[in-house]
Amino acid sequence: MHGVKRVRYSREALAAKKEREQAKLKEYESLTEEVLARKKAKDWSQDSFDLTTKLLHVNPEFYTVWNYRRNILLSGLFPGRAPAEINDLLSDDLSLTTAFLKQHPKVYWIWNHRQWCLQQVPDGPPEKDPETWRQSYWNKELFVVEKMLDADARNFHAWNYRRNVLSHMPVKRSEQSELLYTKRKIEANFSNFSAWHQRSKVLASMWESGKLDKSKSLEDEFDLVKNAMYTDPNDQSVWIYHRWLVGSGDDKTIVEREIDSIQELLEEQPDSKWCMESLVFYKRLVLCKHEDSLTSGNRRDLENECLELLTKLQSVDPDRRQRYIDLCTSSIHTFIMIHSRHPHAYSAQSKRAV
């Protein structure tokens, strides 16, 4: 690692280090063998449960042991216990996974077990609303996952888990508050693809349910993403979200307006790969979706502009040169098909050399 001074070990120190590592490995193999043997024997005892805890501290990615742990809870520790005792066991396991996530925030099996624990929360406490425990846990989960996202705003495991939390909360959080949350995360870091993705999910839900006026909010989203595009035109997540907003390109006015906006940005950033790629994408979209509304001159201009941009991309982004060559070829085939549908509009354009 940079900035870390190398330590030179003597031959004796290296030998001692190797011996310690081999002892740890032997202990791990022995523990694994014992746990798997107990699993095979369907041992649902407290001792076996404690052994899974010990093994998972060493290797939290051992999904077989997580499965065994859940079986012990369901078949050995939960039966015959009062709801409050079951709740305590689940609370202990949630605390365990919280500790693990601090060290291993991107291990699927830890997140999966945490989700499973929440699904097992019993009704109670008996003297109160049956949703009291569950609501308390889900509120805490939202706090925990937001803390995880404060530590790493692009942790997609945490974002996926957050969606699960929001969907299962007995008292739902408003979608409007989620829009504010994603906007805050996006404005803190425009490269946060997960936040853009979450925002698209919330907006789609609100549009479908009629909770949000699509045409007005869409314009607000274009303003937000335009700000991001001008701030960092090389950020892929921004352009992917922009394409989601444009959609299938049925609204020609919007597509042409966005082409003009990107063209302005390209004039400021003449070597922006994403500006050029997006212009090709949207101009082809206009050609394919709105060919009947274009004059022959419009079509020729759009075709030439697409091919010129693809040719320039071959030098701007040489690692993907063959991709742009293939796009040139497929574009020419598309243009020829368009020409064939308008045989009297103008003579067929000659194929450009790639």
# chains A, B, ... in the order shown; residues from 1 in each chain; ligands from 1
call {"tool": "residues_around", "arguments": {"residues": "region 143-150 of chain A", "least_positions_apart": "2", "cutoff": "12 Å", "atoms": "only C-alpha atoms", "output": "NGL selection string"}}
result
:A and (94-95 or 97-99 or 101-106 or 111 or 114-115 or 136-141 or 152-166 or 178 or 181-182 or 184-185 or 188-189 or 192 or 194-195)
call {"tool": "residues_around", "arguments": {"residues": "Phe193 (chain A)", "least_positions_apart": "3", "cutoff": "9 Å", "atoms": "only C-alpha atoms", "output": "MDAnalysis selection string"}}
result
chainID A and resid 154 156 186 190 196:198 236:238 240:241
call {"tool": "write_last_selection", "arguments": {"atoms": "N, CA and C atoms", "output": "compact mmCIF listing (two decimals), in the first residue's frame"}}
result
# COMPACT_ATOMS: atom_id res chain seq x y z
N ARG A 154 -22.90 4.84 -2.17
CA ARG A 154 -23.15 4.06 -3.39
C ARG A 154 -23.20 2.55 -3.13
N PHE A 156 -24.81 -0.52 -3.12
CA PHE A 156 -26.09 -0.96 -3.69
C PHE A 156 -26.78 -1.99 -2.81
N ILE A 186 -28.11 12.68 -4.27
CA ILE A 186 -27.63 12.98 -5.61
C ILE A 186 -26.84 14.29 -5.63
N PHE A 190 -23.12 13.41 -7.64
CA PHE A 190 -23.86 13.12 -8.86
C PHE A 190 -23.55 11.72 -9.42
N TRP A 196 -29.89 7.65 -8.11
CA TRP A 196 -30.65 7.93 -9.34
C TRP A 196 -31.66 6.81 -9.59
N HIS A 197 -31.21 5.58 -9.42
CA HIS A 197 -32.08 4.43 -9.67
C HIS A 197 -33.27 4.42 -8.70
N GLN A 198 -32.99 4.67 -7.43
CA GLN A 198 -34.07 4.73 -6.44
C GLN A 198 -35.06 5.84 -6.78
N GLN A 236 -21.29 8.54 -16.05
CA GLN A 236 -22.21 7.63 -16.74
C GLN A 236 -23.59 7.60 -16.12
N SER A 237 -23.68 7.61 -14.80
CA SER A 237 -24.98 7.46 -14.13
C SER A 237 -25.94 8.58 -14.51
N VAL A 238 -25.42 9.78 -14.72
CA VAL A 238 -26.26 10.92 -15.09
C VAL A 238 -26.90 10.69 -16.46
N ILE A 240 -27.39 7.83 -18.02
CA ILE A 240 -28.35 6.71 -17.98
C ILE A 240 -29.69 7.20 -17.45
N TYR A 241 -29.66 8.05 -16.42
CA TYR A 241 -30.91 8.60 -15.88
C TYR A 241 -31.58 9.49 -16.92
call {"tool": "closest_atom_pairs", "arguments": {"of": "region 130-206 of chain A", "to": "region 212-234 of chain A", "cutoff": "10 Å", "atoms": "only C-alpha atoms", "output": "CSV"}}
result
residue,atom,partner,partner_atom,distance
A:Gln176,CA,A:Leu212,CA,9.2
A:Lys183,CA,A:Leu224,CA,8.8
A:Ile186,CA,A:Ala228,CA,8.8
A:Glu187,CA,A:Ala228,CA,8.3
A:Asn189,CA,A:Ala228,CA,9.3
A:Phe190,CA,A:Ala228,CA,6.1
A:Ser191,CA,A:Asp232,CA,8.6
A:Trp196,CA,A:Val225,CA,9.7
A:Arg199,CA,A:Glu221,CA,9.9
A:Ser200,CA,A:Glu221,CA,9.9
A:Leu203,CA,A:Leu212,CA,8.0
A:Ala204,CA,A:Lys214,CA,9.1
A:Ser205,CA,A:Leu212,CA,9.2
A:Met206,CA,A:Leu212,CA,5.5
call {"tool": "atom_distance", "arguments": {"atom1": "CA of Gly249 (chain A)", "atom2": "CA of Lys312 (chain A)"}}
result
24.8 Å
call {"tool": "select_by_dssp", "arguments": {"residues": "region 147-183 of chain A", "states": "helix (DSSP H, G or I)", "output": "list in words"}}
result
Lys147, Met148, Leu149, Asp150, Ala151, Phe156, His157, Ala158, Trp159, Asn160, Tyr161, Arg162, Arg163, Asn164, Val165, Leu166, Ser167, His168, Glu175, Gln176, Ser177, Glu178, Leu179, Leu180, Tyr181, Thr182 and Lys183 of chain A
call {"tool": "residues_around", "arguments": {"residues": "Ser330 (chain A)", "least_positions_apart": "3", "cutoff": "12 Å", "atoms": "only C-alpha atoms", "output": "CSV table (one decimal) with all heavy atoms, in the first residue's frame"}}
result
chain,number,residue,atom,x,y,z
A,284,ARG,N,-30.6,9.2,-33.7
A,284,ARG,CA,-31.1,7.9,-34.3
A,284,ARG,C,-32.6,7.7,-33.8
A,284,ARG,O,-33.4,7.2,-34.6
A,284,ARG,CB,-30.3,6.7,-33.9
A,284,ARG,CG,-28.9,6.7,-34.6
A,284,ARG,CD,-28.1,5.5,-34.2
A,284,ARG,NE,-28.8,4.2,-34.6
A,284,ARG,CZ,-28.3,3.0,-34.6
A,284,ARG,NH1,-27.0,2.9,-34.2
A,284,ARG,NH2,-29.0,2.0,-34.9
A,303,GLU,N,-28.4,11.8,-40.4
A,303,GLU,CA,-27.6,10.7,-40.7
A,303,GLU,C,-26.1,11.0,-40.7
A,303,GLU,O,-25.3,10.3,-40.2
A,303,GLU,CB,-28.1,10.1,-42.0
A,303,GLU,CG,-29.4,9.4,-42.0
A,303,GLU,CD,-30.0,9.2,-43.4
A,303,GLU,OE1,-29.3,9.4,-44.4
A,303,GLU,OE2,-31.2,8.8,-43.5
A,306,CYS,N,-24.8,11.7,-37.2
A,306,CYS,CA,-24.6,10.5,-36.5
A,306,CYS,C,-23.2,9.8,-36.9
A,306,CYS,O,-22.4,9.4,-36.0
A,306,CYS,CB,-25.7,9.5,-36.7
A,306,CYS,SG,-27.2,9.9,-35.8
A,307,LEU,N,-23.0,9.7,-38.2
A,307,LEU,CA,-21.8,9.0,-38.7
A,307,LEU,C,-20.6,9.8,-38.3
A,307,LEU,O,-19.5,9.2,-38.0
A,307,LEU,CB,-21.9,8.8,-40.2
A,307,LEU,CG,-23.1,7.8,-40.6
A,307,LEU,CD1,-23.2,7.8,-42.1
A,307,LEU,CD2,-22.8,6.4,-40.1
A,310,LEU,N,-19.8,9.2,-34.6
A,310,LEU,CA,-19.3,7.9,-34.4
A,310,LEU,C,-17.9,7.7,-34.9
A,310,LEU,O,-17.1,7.0,-34.3
A,310,LEU,CB,-20.2,6.8,-35.1
A,310,LEU,CG,-21.6,6.6,-34.5
A,310,LEU,CD1,-22.5,5.8,-35.4
A,310,LEU,CD2,-21.4,5.9,-33.1
A,323,ARG,N,-16.6,-1.0,-31.2
A,323,ARG,CA,-18.1,-0.8,-30.9
A,323,ARG,C,-18.6,0.3,-31.8
A,323,ARG,O,-19.7,0.2,-32.4
A,323,ARG,CB,-18.2,-0.4,-29.5
A,323,ARG,CG,-19.7,-0.1,-29.1
A,323,ARG,CD,-19.8,0.1,-27.6
A,323,ARG,NE,-21.2,0.4,-27.2
A,323,ARG,CZ,-21.7,1.7,-27.2
A,323,ARG,NH1,-20.9,2.7,-27.4
A,323,ARG,NH2,-22.9,1.9,-26.8
A,324,TYR,N,-17.9,1.4,-32.0
A,324,TYR,CA,-18.3,2.5,-32.8
A,324,TYR,C,-18.3,2.2,-34.3
A,324,TYR,O,-19.2,2.6,-35.0
A,324,TYR,CB,-17.5,3.8,-32.5
A,324,TYR,CG,-17.5,4.2,-31.0
A,324,TYR,CD1,-16.3,4.3,-30.3
A,324,TYR,CD2,-18.7,4.4,-30.4
A,324,TYR,CE1,-16.3,4.6,-29.0
A,324,TYR,CE2,-18.7,4.7,-29.0
A,324,TYR,CZ,-17.5,4.8,-28.3
A,324,TYR,OH,-17.6,5.1,-27.0
A,325,ILE,N,-17.4,1.3,-34.7
A,325,ILE,CA,-17.4,0.9,-36.1
A,325,ILE,C,-18.7,0.1,-36.3
A,325,ILE,O,-19.3,0.2,-37.3
A,325,ILE,CB,-16.1,0.0,-36.4
A,325,ILE,CG1,-14.9,0.9,-36.4
A,325,ILE,CG2,-16.3,-0.7,-37.7
A,325,ILE,CD1,-13.6,0.2,-36.5
A,326,ASP,N,-19.0,-0.8,-35.4
A,326,ASP,CA,-20.2,-1.6,-35.5
A,326,ASP,C,-21.5,-0.8,-35.5
A,326,ASP,O,-22.4,-1.0,-36.3
A,326,ASP,CB,-20.3,-2.7,-34.4
A,326,ASP,CG,-19.2,-3.7,-34.5
A,326,ASP,OD1,-18.6,-3.9,-35.6
A,326,ASP,OD2,-19.0,-4.4,-33.4
A,327,LEU,N,-21.5,0.3,-34.7
A,327,LEU,CA,-22.6,1.2,-34.7
A,327,LEU,C,-22.7,2.0,-36.0
A,327,LEU,O,-23.8,2.2,-36.5
A,327,LEU,CB,-22.5,2.2,-33.5
A,327,LEU,CG,-22.9,1.7,-32.1
A,327,LEU,CD1,-22.5,2.7,-31.1
A,327,LEU,CD2,-24.4,1.4,-32.1
A,333,HIS,N,-27.2,0.6,-42.2
A,333,HIS,CA,-28.3,-0.3,-42.5
A,333,HIS,C,-29.6,0.3,-42.1
A,333,HIS,O,-30.6,0.1,-42.9
A,333,HIS,CB,-28.1,-1.7,-41.8
A,333,HIS,CG,-26.9,-2.4,-42.3
A,333,HIS,ND1,-26.3,-3.4,-41.6
A,333,HIS,CD2,-26.2,-2.4,-43.5
A,333,HIS,CE1,-25.3,-3.9,-42.3
A,333,HIS,NE2,-25.2,-3.3,-43.4
A,334,THR,N,-29.7,0.9,-41.0
A,334,THR,CA,-31.0,1.5,-40.6
A,334,THR,C,-31.3,2.7,-41.5
A,334,THR,O,-32.5,2.8,-41.9
A,334,THR,CB,-30.8,2.1,-39.1
A,334,THR,OG1,-30.5,1.1,-38.2
A,334,THR,CG2,-32.1,2.8,-38.7
A,335,PHE,N,-30.4,3.5,-41.9
A,335,PHE,CA,-30.7,4.6,-42.8
A,335,PHE,C,-31.1,4.1,-44.2
A,335,PHE,O,-32.0,4.6,-44.8
A,335,PHE,CB,-29.4,5.4,-43.0
A,335,PHE,CG,-28.9,6.0,-41.7
A,335,PHE,CD1,-27.6,6.4,-41.6
A,335,PHE,CD2,-29.7,6.2,-40.6
A,335,PHE,CE1,-27.1,7.0,-40.4
A,335,PHE,CE2,-29.2,6.7,-39.4
A,335,PHE,CZ,-27.9,7.1,-39.3
A,336,ILE,N,-30.5,3.0,-44.7
A,336,ILE,CA,-31.0,2.4,-45.9
A,336,ILE,C,-32.4,1.9,-45.9
A,336,ILE,O,-33.2,2.1,-46.8
A,336,ILE,CB,-30.0,1.2,-46.3
A,336,ILE,CG1,-28.6,1.8,-46.7
A,336,ILE,CG2,-30.6,0.4,-47.5
A,336,ILE,CD1,-27.6,0.7,-46.9
A,337,MET,N,-32.8,1.3,-44.7
A,337,MET,CA,-34.2,0.9,-44.5
A,337,MET,C,-35.1,2.1,-44.5
A,337,MET,O,-36.2,2.0,-45.1
A,337,MET,CB,-34.3,0.1,-43.2
A,337,MET,CG,-33.7,-1.2,-43.3
A,337,MET,SD,-33.8,-2.1,-41.7
A,337,MET,CE,-35.6,-2.3,-41.5
A,351,LYS,N,-23.0,5.0,-49.2
A,351,LYS,CA,-22.5,4.5,-48.0
A,351,LYS,C,-21.2,5.2,-47.6
A,351,LYS,O,-20.3,5.4,-48.5
A,351,LYS,CB,-22.2,3.0,-48.0
A,351,LYS,CG,-23.5,2.2,-48.1
A,351,LYS,CD,-23.2,0.7,-48.1
A,351,LYS,CE,-24.4,-0.1,-48.2
A,351,LYS,NZ,-24.1,-1.5,-48.2
A,354,VAL,N,-16.3,3.6,-43.2
A,354,VAL,CA,-16.2,3.6,-41.7
A,354,VAL,C,-14.8,3.8,-41.3
A,354,VAL,O,-13.9,3.2,-41.8
A,354,VAL,CB,-16.7,2.2,-41.2
A,354,VAL,CG1,-16.5,2.2,-39.7
A,354,VAL,CG2,-18.1,2.0,-41.5
call {"tool": "closest_residue", "arguments": {"among": "A:Glu277, A:Thr132, A:Arg69, A:Gln46", "to": "Val171 (chain A)", "atoms": "only C-alpha atoms"}}
result
A:Thr132
call {"tool": "residues_around", "arguments": {"residues": "Leu73 (chain A)", "least_positions_apart": "4", "cutoff": "10 Å", "atoms": "only C-alpha atoms", "output": "MDAnalysis selection string"}}
result
chainID A and resid 44:46 49 68:69 77:79 86 89:90
call {"tool": "write_last_selection", "arguments": {"atoms": "N, CA and C atoms", "output": "CSV table (one decimal), in the first residue's frame"}}
result
chain,number,residue,atom,x,y,z
A,44,TRP,N,-30.3,-29.1,16.6
A,44,TRP,CA,-30.9,-27.8,16.7
A,44,TRP,C,-30.6,-27.2,18.1
A,45,SER,N,-29.6,-27.6,18.8
A,45,SER,CA,-29.3,-27.2,20.2
A,45,SER,C,-28.7,-25.8,20.3
A,46,GLN,N,-28.7,-25.3,21.5
A,46,GLN,CA,-28.1,-24.0,21.8
A,46,GLN,C,-26.6,-24.1,21.6
A,49,PHE,N,-26.0,-23.6,18.0
A,49,PHE,CA,-26.2,-22.2,17.7
A,49,PHE,C,-25.0,-21.4,18.0
A,68,TYR,N,-28.1,-22.8,8.3
A,68,TYR,CA,-28.2,-23.7,9.5
A,68,TYR,C,-28.6,-23.0,10.7
A,69,ARG,N,-28.1,-21.8,10.9
A,69,ARG,CA,-28.5,-20.9,12.0
A,69,ARG,C,-30.0,-20.7,12.0
A,77,LEU,N,-34.9,-23.3,18.8
A,77,LEU,CA,-34.9,-22.2,19.9
A,77,LEU,C,-36.3,-21.5,20.0
A,78,PHE,N,-37.0,-21.4,18.8
A,78,PHE,CA,-38.3,-20.7,18.9
A,78,PHE,C,-39.4,-21.5,19.5
A,79,PRO,N,-39.5,-22.8,19.1
A,79,PRO,CA,-40.6,-23.6,19.7
A,79,PRO,C,-40.7,-23.6,21.2
A,86,ILE,N,-38.7,-14.9,21.9
A,86,ILE,CA,-38.4,-14.9,20.5
A,86,ILE,C,-37.9,-13.5,20.0
A,89,LEU,N,-34.3,-13.1,21.0
A,89,LEU,CA,-33.4,-13.8,20.2
A,89,LEU,C,-33.2,-13.1,18.9
A,90,LEU,N,-34.2,-12.6,18.3
A,90,LEU,CA,-34.1,-11.9,17.0
A,90,LEU,C,-33.3,-10.6,17.2
call {"tool": "atom_distance", "arguments": {"atom1": "CA of Leu313 (chain A)", "atom2": "CA of Glu291 (chain A)"}}
result
25.1 Å
